[in-house]
Structure formats: structure tokens, C-alpha cells
file upload.txt (compact mmCIF, C-alpha atoms)
# COMPACT_ATOMS: atom_id res chain seq x y z
CA MET A 97 48.60 50.50 -52.62
CA ASP A 98 48.84 54.27 -52.36
CA ILE A 99 46.43 56.33 -54.45
CA LEU A 100 48.12 58.62 -56.96
CA ALA A 101 44.99 60.37 -58.24
CA THR A 102 41.24 60.06 -58.63
CA ARG A 103 38.86 61.45 -61.23
CA ILE A 104 35.07 61.81 -60.96
CA LEU A 105 33.38 60.68 -64.18
CA ASN A 106 29.74 61.28 -65.03
CA TYR A 107 27.27 59.04 -66.83
CA SER A 108 23.53 58.63 -67.37
CA ASP A 109 21.85 55.54 -65.95
CA GLU A 110 19.05 53.60 -67.62
CA ASN A 111 16.53 56.16 -66.35
CA GLY A 112 18.49 59.11 -67.74
CA SER A 113 19.60 60.27 -64.29
CA GLU A 114 23.10 61.73 -63.96
CA LYS A 115 25.42 59.62 -61.83
CA ALA A 116 29.02 59.90 -60.68
CA LEU A 117 31.69 57.22 -60.99
CA VAL A 118 35.16 57.32 -59.43
CA PHE A 119 38.22 56.38 -61.46
CA THR A 120 41.29 55.69 -59.32
CA VAL A 121 44.93 55.40 -60.37
CA PHE A 122 47.32 53.88 -57.87
CA GLU A 123 50.90 54.98 -57.51
CA PRO A 124 53.30 52.96 -59.69
CA ALA A 125 55.77 50.78 -57.80
CA GLU A 126 58.96 49.05 -58.83
CA ALA A 127 58.49 45.33 -59.42
CA GLU A 128 60.91 42.55 -58.55
CA HIS A 129 62.32 42.27 -62.07
CA GLY A 130 63.22 45.95 -62.29
CA ASP A 131 60.21 47.10 -64.29
CA TRP A 132 57.36 49.16 -62.82
CA ALA A 133 53.70 48.29 -62.27
CA CYS A 134 50.69 50.60 -62.09
CA SER A 135 47.08 49.61 -61.46
CA TYR A 136 43.71 51.33 -61.71
CA ASP A 137 40.14 50.82 -60.58
CA PHE A 138 36.68 51.90 -61.69
CA ASP A 139 33.79 51.99 -59.26
CA PRO A 140 30.56 50.20 -60.25
CA PRO A 141 28.83 49.89 -62.65
CA ILE A 142 32.02 49.16 -64.63
CA SER A 143 34.18 48.06 -61.73
CA ARG A 144 37.46 46.40 -62.62
CA ARG A 145 40.05 45.91 -59.92
CA ASN A 146 43.70 44.99 -59.70
CA VAL A 147 44.47 45.54 -63.39
CA VAL A 148 48.22 46.00 -63.73
CA ALA A 149 50.06 47.91 -66.46
CA ARG A 150 53.83 47.78 -66.71
CA GLY A 151 56.63 49.99 -67.98
CA VAL A 152 60.36 50.55 -67.81
CA ASP A 153 59.90 53.27 -65.19
CA PHE A 154 57.27 55.09 -63.12
CA ILE A 155 56.29 57.39 -65.98
CA GLN A 156 55.82 54.70 -68.61
CA ALA A 157 53.85 52.45 -66.25
CA PHE A 158 51.53 55.36 -65.40
CA LEU A 159 50.91 56.17 -69.07
CA HIS A 160 50.30 52.52 -70.00
CA CYS A 161 47.86 52.30 -67.11
CA LEU A 162 45.79 55.21 -68.43
CA VAL A 163 45.80 53.84 -72.00
CA ILE A 164 44.59 50.43 -70.82
CA ALA A 165 41.96 52.03 -68.59
CA ARG A 166 40.60 54.05 -71.51
CA SER A 167 40.53 50.99 -73.78
CA TYR A 168 38.66 48.98 -71.15
CA MET A 169 36.24 51.82 -70.52
CA GLU A 170 35.44 52.20 -74.22
CA THR A 171 34.81 48.49 -74.76
CA THR A 172 32.74 47.83 -71.63
CA GLN A 173 29.00 47.50 -72.04
CA GLY A 174 27.12 50.38 -70.47
CA SER A 175 30.07 52.78 -70.42
CA GLY A 176 29.17 54.66 -73.59
CA SER A 177 27.71 57.65 -71.76
CA LEU A 178 30.77 58.26 -69.56
CA ARG A 179 32.09 61.82 -69.63
CA TRP A 180 34.66 63.98 -67.89
CA GLN A 181 34.60 67.74 -68.36
CA GLY A 182 32.23 67.04 -71.26
CA MET A 183 34.80 64.84 -73.03
CA ARG A 184 33.80 61.40 -74.27
CA ASP A 185 37.39 60.15 -73.95
CA CYS A 186 37.23 61.16 -70.27
CA GLY A 187 40.55 62.94 -70.72
CA LEU A 188 42.50 59.66 -70.88
CA PRO A 189 45.19 59.08 -73.51
CA GLU A 190 44.84 56.73 -76.44
CA SER A 191 47.51 54.73 -78.21
CA GLY A 192 48.36 56.17 -81.62
CA ASP A 193 51.08 57.37 -83.95
CA SER A 194 54.02 59.23 -82.51
CA SER A 195 53.79 62.48 -84.47
CA CYS A 196 53.23 65.48 -82.23
CA PRO A 197 52.12 69.03 -82.97
CA PRO A 198 54.45 71.59 -81.36
CA LEU A 199 53.43 73.02 -78.01
CA GLU A 200 54.34 76.38 -76.55
CA ILE A 201 56.90 75.66 -73.87
CA PRO A 202 56.27 77.69 -70.70
CA ALA A 203 59.05 79.77 -69.24
CA THR A 204 60.99 78.36 -66.31
CA GLU A 205 60.27 79.62 -62.82
CA ASP A 206 62.32 79.60 -59.64
CA ASP A 207 61.83 76.47 -57.57
CA PRO A 208 59.49 77.66 -54.77
CA GLY A 209 60.79 74.97 -52.43
CA GLY A 210 58.78 72.17 -50.91
CA LEU A 211 57.98 70.44 -54.20
CA GLU A 212 57.83 66.67 -53.79
CA ILE A 213 59.56 64.60 -56.44
CA LEU A 214 57.11 62.10 -57.92
CA ALA A 215 59.27 60.47 -60.60
CA THR A 216 62.59 60.77 -62.39
CA ARG A 217 63.95 59.48 -65.69
CA LYS A 218 67.58 59.29 -66.81
CA LEU A 219 67.91 60.78 -70.28
CA GLY A 220 70.66 60.84 -72.86
CA ILE A 221 71.49 64.18 -74.51
CA PRO A 222 74.24 64.58 -77.13
CA ASP A 223 76.64 67.51 -76.98
CA GLU A 224 77.99 69.41 -79.98
CA ASN A 225 80.56 66.63 -80.54
CA GLY A 226 77.93 63.87 -80.48
CA LEU A 227 79.02 62.58 -77.10
CA VAL A 228 76.08 61.57 -74.93
CA ARG A 229 75.77 63.00 -71.47
CA GLU A 230 73.27 62.01 -68.81
CA ALA A 231 70.46 64.34 -67.82
CA VAL A 232 67.50 63.73 -65.54
CA LEU A 233 63.84 64.55 -66.07
CA VAL A 234 62.32 65.37 -62.69
CA VAL A 235 58.53 65.33 -62.36
CA TYR A 236 57.00 66.74 -59.20
CA ARG A 237 53.78 65.66 -57.52
CA PRO A 238 50.77 67.66 -58.78
CA LEU A 239 49.46 70.36 -56.44
CA GLN A 240 45.91 71.69 -56.24
CA GLU A 241 45.66 75.47 -56.52
CA SER A 242 41.87 75.79 -56.57
CA ALA A 243 38.76 73.66 -57.01
CA ASP A 244 39.38 73.19 -60.74
CA ARG A 245 43.06 74.03 -61.24
CA TRP A 246 46.09 71.87 -60.61
CA ARG A 247 49.77 72.42 -61.45
CA CYS A 248 52.45 69.80 -62.02
CA GLY A 249 56.07 70.90 -62.11
CA PHE A 250 58.91 69.37 -64.11
CA ALA A 251 62.57 70.18 -64.60
CA PHE A 252 65.65 68.89 -66.36
CA GLY A 253 68.73 68.32 -64.25
CA PRO A 254 71.35 68.64 -63.21
CA ASP A 255 71.75 72.02 -64.94
CA GLU A 256 68.16 73.29 -64.60
CA VAL A 257 66.97 71.41 -61.55
CA ALA A 258 66.41 74.68 -59.68
CA ARG A 259 64.25 76.00 -62.55
CA VAL A 260 60.78 74.54 -62.90
CA ARG A 261 58.17 74.55 -65.64
CA TYR A 262 54.54 73.63 -65.01
CA GLY A 263 51.78 71.73 -66.69
CA THR A 264 48.22 72.56 -65.69
CA GLY A 265 44.87 70.83 -65.64
CA ALA A 266 41.48 70.52 -64.02
CA ASP A 267 42.70 67.65 -61.85
CA ALA A 268 45.93 65.89 -60.93
CA ILE A 269 45.77 63.47 -63.88
CA GLU A 270 45.35 66.20 -66.50
CA ALA A 271 48.06 68.36 -64.92
CA LEU A 272 50.47 65.41 -64.91
CA LEU A 273 49.69 64.52 -68.54
CA ASP A 274 50.11 68.17 -69.52
CA ALA A 275 53.47 68.36 -67.75
CA LEU A 276 54.68 65.20 -69.48
CA SER A 277 53.60 66.45 -72.91
CA LEU A 278 55.44 69.73 -72.31
CA ALA A 279 58.49 67.82 -71.11
CA ARG A 280 58.45 65.87 -74.38
CA THR A 281 58.33 69.10 -76.39
CA ALA A 282 61.11 70.67 -74.32
CA PHE A 283 63.31 67.60 -74.67
CA ASP A 284 62.83 67.60 -78.45
CA THR A 285 64.36 71.10 -78.55
CA MET A 286 67.41 69.80 -76.69
CA VAL A 287 68.37 67.00 -79.11
CA PRO A 288 68.74 66.68 -82.90
CA LYS A 289 65.55 65.70 -84.72
CA GLY A 290 65.06 61.94 -84.80
CA TRP A 291 67.89 61.29 -82.34
CA ALA A 292 67.57 58.53 -79.75
CA PRO A 293 70.13 57.17 -77.28
CA SER A 294 71.60 53.74 -77.96
CA GLU A 295 70.36 50.81 -75.92
CA GLU A 296 73.89 50.24 -74.66
CA ALA A 297 73.84 53.63 -72.94
CA GLU A 298 70.95 52.51 -70.70
CA LEU A 299 69.52 56.00 -71.04
CA LEU A 300 66.03 56.90 -72.26
CA ASP A 301 64.47 59.67 -74.31
CA CYS A 302 60.99 61.22 -74.15
CA SER A 303 59.46 59.70 -77.27
CA ASP A 304 56.96 57.67 -75.22
CA LEU A 305 55.63 60.73 -73.40
CA PRO A 306 52.17 61.94 -74.48
CA CYS A 307 51.31 64.21 -77.37
CA LYS A 308 48.68 66.83 -76.61
CA ILE A 309 46.04 67.90 -79.12
CA GLY A 310 43.57 70.35 -77.60
CA ARG A 311 42.73 68.68 -74.32
CA SER A 312 43.22 65.18 -75.69
CA PHE A 313 46.37 63.09 -75.30
CA ARG A 314 47.95 60.36 -77.40
CA VAL A 315 50.75 58.00 -76.38
call {"tool": "encode", "arguments": {"input": "upload.txt", "output": "C-alpha cells"}}
result
Amino acid sequence: MDILATRILNYSDENGSEKALVFTVFEPAEAEHGDWACSYDFDPPISRRNVVARGVDFIQAFLHCLVIARSYMETTQGSGSLRWQGMRDCGLPESGDSSCPPLEIPATEDDPGGLEILATRKLGIPDENGLVREAVLVVYRPLQESADRWRCGFAFGPDEVARVRYGTGADAIEALLDALSLARTAFDTMVPKGWAPSEEAELLDCSDLPCKIGRSFRV
């Protein structure tokens, strides 16, 4: 399995000494039945390997993976002192209600070229006559700009595929979550409030993408 991202967590051992623990998320892959699977791993002392989360596409499988990883982390004996960037939730999303506070949507930028597509999602967007057209959410692979700053680009195609917006974060996971939460906000401005595509259209919306509150995320 290819590694999508890693995150260094900190905790205090039984002697009060600060230790590091690696959290690894593997790249989601399409399964034989058409859904997607994503797995994660914690290093000791809370090692858990080959745990698989599933979703309808790459994005949903990735988000489910992080939610399950957080739930396991919070219910595992000895993991209560785990932190990331001083956060007790380790910057991982929790499952919760779907209401989202509005986010400021960043301006689009010219595609600099060389961005690697990480995932896509086919979306349904109604026009002024209520007819649904297909659009595509494109999420690019996060890029490291400095020791503690990453950017993750996203765009809506086909009309805006050459114009990119960016989420940011202290590592690849946070930048990707930030990009997805911004994509959700941007999509909500493109469709009527409460609208969702019909199941017959085989198109998705962005209602399962994360909400961002401060530096915390909810799915």
C-alpha cells in the first residue's frame, strides 16, 4: 500500500517523558465491488494495523478512515495524553451533525502547472431551469512549502479547472482537510440551499465533506 500521509503525534509515557508516535494513512484504492477502501496505522504503544474504512469514492473513504482512527485513538487505553500541535483531538475529524459555519472562500489562482491530481468527484449542479449538469471536483495532492506549511489545491471543472483554490495546514492531512472543507463551502454557494442530486443521476454533492471549526473538523 502506498502511503498518503503521516503525522507525528506526541504523548507522555508512564515516567512523564515526551515521546513521538507516527500515525500513517495509506492511499485509498478502489475495491472490487466499486467502492473505495482506506486503511491507517498507529505505531506502538497503540499499534493497530490493516484497519479498513470504506466509502463511495476516494474522498469519502479517506474521511471515514480519519474518523475511525480518531475514535479508536480516543477509546484505547493509554492514549489519553496524545497530542498534535497541542490539540487533544490530534487534528482528526469527528462524526457529528452536518451544520457548518460559513468559511471565507479563498480567491482562485492560476494553475501553476505540475499539480498532481489526487482525487476527483462527479457532482450534480442545477442550472437556472433546474436541469442538472455534471461538474467535477478535482483535489490535488498536497505540497509542502516549508517545515510547517502545506498547501492542497482544489478546483471545480470543467469550467474552472484551470483556476485553483488552496487549503492550508501544518501537514498534508490538515491541508487536505482544509481544502475539502473549503470545497464544501464553495459548492454550497453554487447550488440552492438544501439541494441534493437524485440517486438516479449517479452524481454526488459535497454534504459529506468536513466542516471546519477553528482547527477542528467534523464529518
call {"tool": "residues_near_point", "arguments": {"input": "upload.txt", "point": "(72.3, 69.2, -75.7)", "cutoff": "7 Å", "atoms": "only C-alpha atoms", "output": "NGL selection string"}}
result
:A and (221-223 or 286-287)
call {"tool": "residues_around", "arguments": {"input": "upload.txt", "residues": "region 187-200 of chain A", "least_positions_apart": "3", "cutoff": "7 Å", "atoms": "all atoms listed in the file", "output": "number ranges by chain"}}
result
A: 162-163, 166, 180, 183, 278, 281, 307, 312-315
call {"tool": "atom_distance", "arguments": {"input": "upload.txt", "atom1": "CA of Phe138 (chain A)", "atom2": "CA of Glu110 (chain A)"}}
result
18.7 Å
call {"tool": "closest_residue", "arguments": {"input": "upload.txt", "among": "A:Gly210, A:Gly220, A:Gly253, A:Pro202", "to": "Leu299 (chain A)", "atoms": "only C-alpha atoms"}}
result
A:Gly220
call {"tool": "closest_residue", "arguments": {"input": "upload.txt", "among": "A:Leu273, A:Ala292, A:Val148, A:Ala231", "to": "Ile309 (chain A)", "atoms": "only C-alpha atoms"}}
result
A:Leu273
call {"tool": "atom_distance", "arguments": {"input": "upload.txt", "atom1": "CA of Leu276 (chain A)", "atom2": "CA of Ser294 (chain A)"}}
result
22.1 Å
call {"tool": "atom_distance", "arguments": {"input": "upload.txt", "atom1": "CA of Glu298 (chain A)", "atom2": "CA of Cys161 (chain A)"}}
result
23.4 Å
call {"tool": "closest_residue", "arguments": {"input": "upload.txt", "among": "A:Gly263, A:Phe283, A:Gly226, A:Leu219", "to": "Pro238 (chain A)", "atoms": "all atoms listed in the file"}}
result
A:Gly263
call {"tool": "closest_residue", "arguments": {"input": "upload.txt", "among": "A:Asn225, A:Thr216, A:Thr102, A:Thr264", "to": "Arg245 (chain A)", "atoms": "all atoms listed in the file"}}
result
A:Thr264
call {"tool": "closest_residue", "arguments": {"input": "upload.txt", "among": "A:Gln181, A:Ser242, A:Thr172, A:Ser277", "to": "Pro140 (chain A)", "atoms": "only C-alpha atoms"}}
result
A:Thr172
call {"tool": "closest_residue", "arguments": {"input": "upload.txt", "among": "A:Ala165, A:Met97, A:Leu305, A:Val260", "to": "Arg280 (chain A)", "atoms": "only C-alpha atoms"}}
result
A:Leu305
call {"tool": "axis_aligned_box", "arguments": {"input": "upload.txt", "around": "region 284-296 of chain A", "padding_each_side": "4 Å", "output": "JSON"}}
result
{"center_x": 68.4, "center_y": 60.7, "center_z": -79.7, "size_x": 19.1, "size_y": 28.9, "size_z": 18.1}
call {"tool": "decode", "arguments": {"input": "upload.txt", "residues": "region 218-252 of chain A", "atoms": "N, CA and C atoms", "output": "mmCIF file, in the first residue's frame"}}
result
data_model
loop_
_atom_site.group_PDB
_atom_site.id
_atom_site.type_symbol
_atom_site.label_atom_id
_atom_site.label_comp_id
_atom_site.auth_asym_id
_atom_site.auth_seq_id
_atom_site.Cartn_x
_atom_site.Cartn_y
_atom_site.Cartn_z
ATOM 1 N N LYS A 218 -17.546 13.341 -9.209
ATOM 2 C CA LYS A 218 -18.555 13.859 -10.123
ATOM 3 C C LYS A 218 -19.714 14.436 -9.315
ATOM 4 N N LEU A 219 -20.007 15.694 -9.569
ATOM 5 C CA LEU A 219 -21.041 16.423 -8.838
ATOM 6 C C LEU A 219 -22.203 16.765 -9.754
ATOM 7 N N GLY A 220 -23.369 16.945 -9.157
ATOM 8 C CA GLY A 220 -24.514 17.456 -9.884
ATOM 9 C C GLY A 220 -24.787 18.893 -9.487
ATOM 10 N N ILE A 221 -24.962 19.774 -10.464
ATOM 11 C CA ILE A 221 -25.247 21.187 -10.202
ATOM 12 C C ILE A 221 -26.422 21.613 -11.075
ATOM 13 N N PRO A 222 -27.491 22.145 -10.466
ATOM 14 C CA PRO A 222 -28.650 22.557 -11.263
ATOM 15 C C PRO A 222 -28.411 23.918 -11.925
ATOM 16 N N ASP A 223 -28.959 24.082 -13.134
ATOM 17 C CA ASP A 223 -28.892 25.393 -13.769
ATOM 18 C C ASP A 223 -30.136 26.195 -13.395
ATOM 19 N N GLU A 224 -30.309 27.353 -14.019
ATOM 20 C CA GLU A 224 -31.413 28.232 -13.654
ATOM 21 C C GLU A 224 -32.782 27.617 -13.973
ATOM 22 N N ASN A 225 -32.798 26.588 -14.835
ATOM 23 C CA ASN A 225 -34.049 25.918 -15.178
ATOM 24 C C ASN A 225 -34.269 24.636 -14.367
ATOM 25 N N GLY A 226 -33.347 24.357 -13.439
ATOM 26 C CA GLY A 226 -33.463 23.169 -12.610
ATOM 27 C C GLY A 226 -32.900 21.920 -13.238
ATOM 28 N N LEU A 227 -32.354 22.053 -14.435
ATOM 29 C CA LEU A 227 -31.734 20.897 -15.077
ATOM 30 C C LEU A 227 -30.349 20.673 -14.480
ATOM 31 N N VAL A 228 -30.032 19.413 -14.214
ATOM 32 C CA VAL A 228 -28.775 19.094 -13.540
ATOM 33 C C VAL A 228 -27.683 18.836 -14.568
ATOM 34 N N ARG A 229 -26.584 19.544 -14.386
ATOM 35 C CA ARG A 229 -25.418 19.290 -15.230
ATOM 36 C C ARG A 229 -24.316 18.679 -14.367
ATOM 37 N N GLU A 230 -23.404 18.014 -15.023
ATOM 38 C CA GLU A 230 -22.297 17.364 -14.315
ATOM 39 C C GLU A 230 -21.119 18.307 -14.177
ATOM 40 N N ALA A 231 -20.573 18.364 -12.996
ATOM 41 C CA ALA A 231 -19.330 19.093 -12.741
ATOM 42 C C ALA A 231 -18.391 18.139 -12.015
ATOM 43 N N VAL A 232 -17.142 18.510 -11.921
ATOM 44 C CA VAL A 232 -16.154 17.630 -11.293
ATOM 45 C C VAL A 232 -15.370 18.413 -10.260
ATOM 46 N N LEU A 233 -15.317 17.877 -9.037
ATOM 47 C CA LEU A 233 -14.418 18.404 -8.023
ATOM 48 C C LEU A 233 -13.074 17.713 -8.202
ATOM 49 N N VAL A 234 -12.033 18.509 -8.399
ATOM 50 C CA VAL A 234 -10.674 17.990 -8.553
ATOM 51 C C VAL A 234 -9.873 18.386 -7.319
ATOM 52 N N VAL A 235 -9.288 17.410 -6.653
ATOM 53 C CA VAL A 235 -8.443 17.662 -5.483
ATOM 54 C C VAL A 235 -7.020 17.241 -5.833
ATOM 55 N N TYR A 236 -6.087 18.146 -5.623
ATOM 56 C CA TYR A 236 -4.700 17.881 -5.973
ATOM 57 C C TYR A 236 -3.915 17.378 -4.756
ATOM 58 N N ARG A 237 -2.837 16.691 -5.020
ATOM 59 C CA ARG A 237 -2.013 16.154 -3.943
ATOM 60 C C ARG A 237 -1.373 17.298 -3.161
ATOM 61 N N PRO A 238 -1.425 17.246 -1.814
ATOM 62 C CA PRO A 238 -0.827 18.317 -1.011
ATOM 63 C C PRO A 238 0.670 18.469 -1.276
ATOM 64 N N LEU A 239 1.127 19.709 -1.216
ATOM 65 C CA LEU A 239 2.537 20.025 -1.442
ATOM 66 C C LEU A 239 3.093 20.753 -0.224
ATOM 67 N N GLN A 240 4.307 20.405 0.156
ATOM 68 C CA GLN A 240 4.952 21.046 1.300
ATOM 69 C C GLN A 240 5.677 22.299 0.844
ATOM 70 N N GLU A 241 5.368 23.425 1.486
ATOM 71 C CA GLU A 241 6.007 24.693 1.149
ATOM 72 C C GLU A 241 7.141 25.029 2.110
ATOM 73 N N SER A 242 7.013 24.601 3.358
ATOM 74 C CA SER A 242 8.053 24.833 4.358
ATOM 75 C C SER A 242 7.903 23.758 5.423
ATOM 76 N N ALA A 243 8.689 23.855 6.489
ATOM 77 C CA ALA A 243 8.678 22.815 7.513
ATOM 78 C C ALA A 243 7.301 22.628 8.135
ATOM 79 N N ASP A 244 6.536 23.714 8.270
ATOM 80 C CA ASP A 244 5.242 23.626 8.940
ATOM 81 C C ASP A 244 4.104 24.232 8.120
ATOM 82 N N ARG A 245 4.247 24.230 6.814
ATOM 83 C CA ARG A 245 3.178 24.761 5.956
ATOM 84 C C ARG A 245 3.027 23.899 4.706
ATOM 85 N N TRP A 246 1.804 23.419 4.526
ATOM 86 C CA TRP A 246 1.440 22.663 3.336
ATOM 87 C C TRP A 246 0.273 23.350 2.641
ATOM 88 N N ARG A 247 0.154 23.134 1.324
ATOM 89 C CA ARG A 247 -0.990 23.631 0.568
ATOM 90 C C ARG A 247 -1.600 22.475 -0.215
ATOM 91 N N CYS A 248 -2.922 22.498 -0.319
ATOM 92 C CA CYS A 248 -3.640 21.482 -1.081
ATOM 93 C C CYS A 248 -4.619 22.191 -2.004
ATOM 94 N N GLY A 249 -4.439 22.035 -3.289
ATOM 95 C CA GLY A 249 -5.273 22.717 -4.262
ATOM 96 C C GLY A 249 -6.543 21.944 -4.587
ATOM 97 N N PHE A 250 -7.587 22.685 -4.965
ATOM 98 C CA PHE A 250 -8.814 22.065 -5.463
ATOM 99 C C PHE A 250 -9.429 22.988 -6.498
ATOM 100 N N ALA A 251 -10.214 22.403 -7.377
ATOM 101 C CA ALA A 251 -10.864 23.172 -8.439
ATOM 102 C C ALA A 251 -12.155 22.473 -8.830
ATOM 103 N N PHE A 252 -13.042 23.230 -9.455
ATOM 104 C CA PHE A 252 -14.273 22.678 -9.994
ATOM 105 C C PHE A 252 -14.202 22.750 -11.515
#
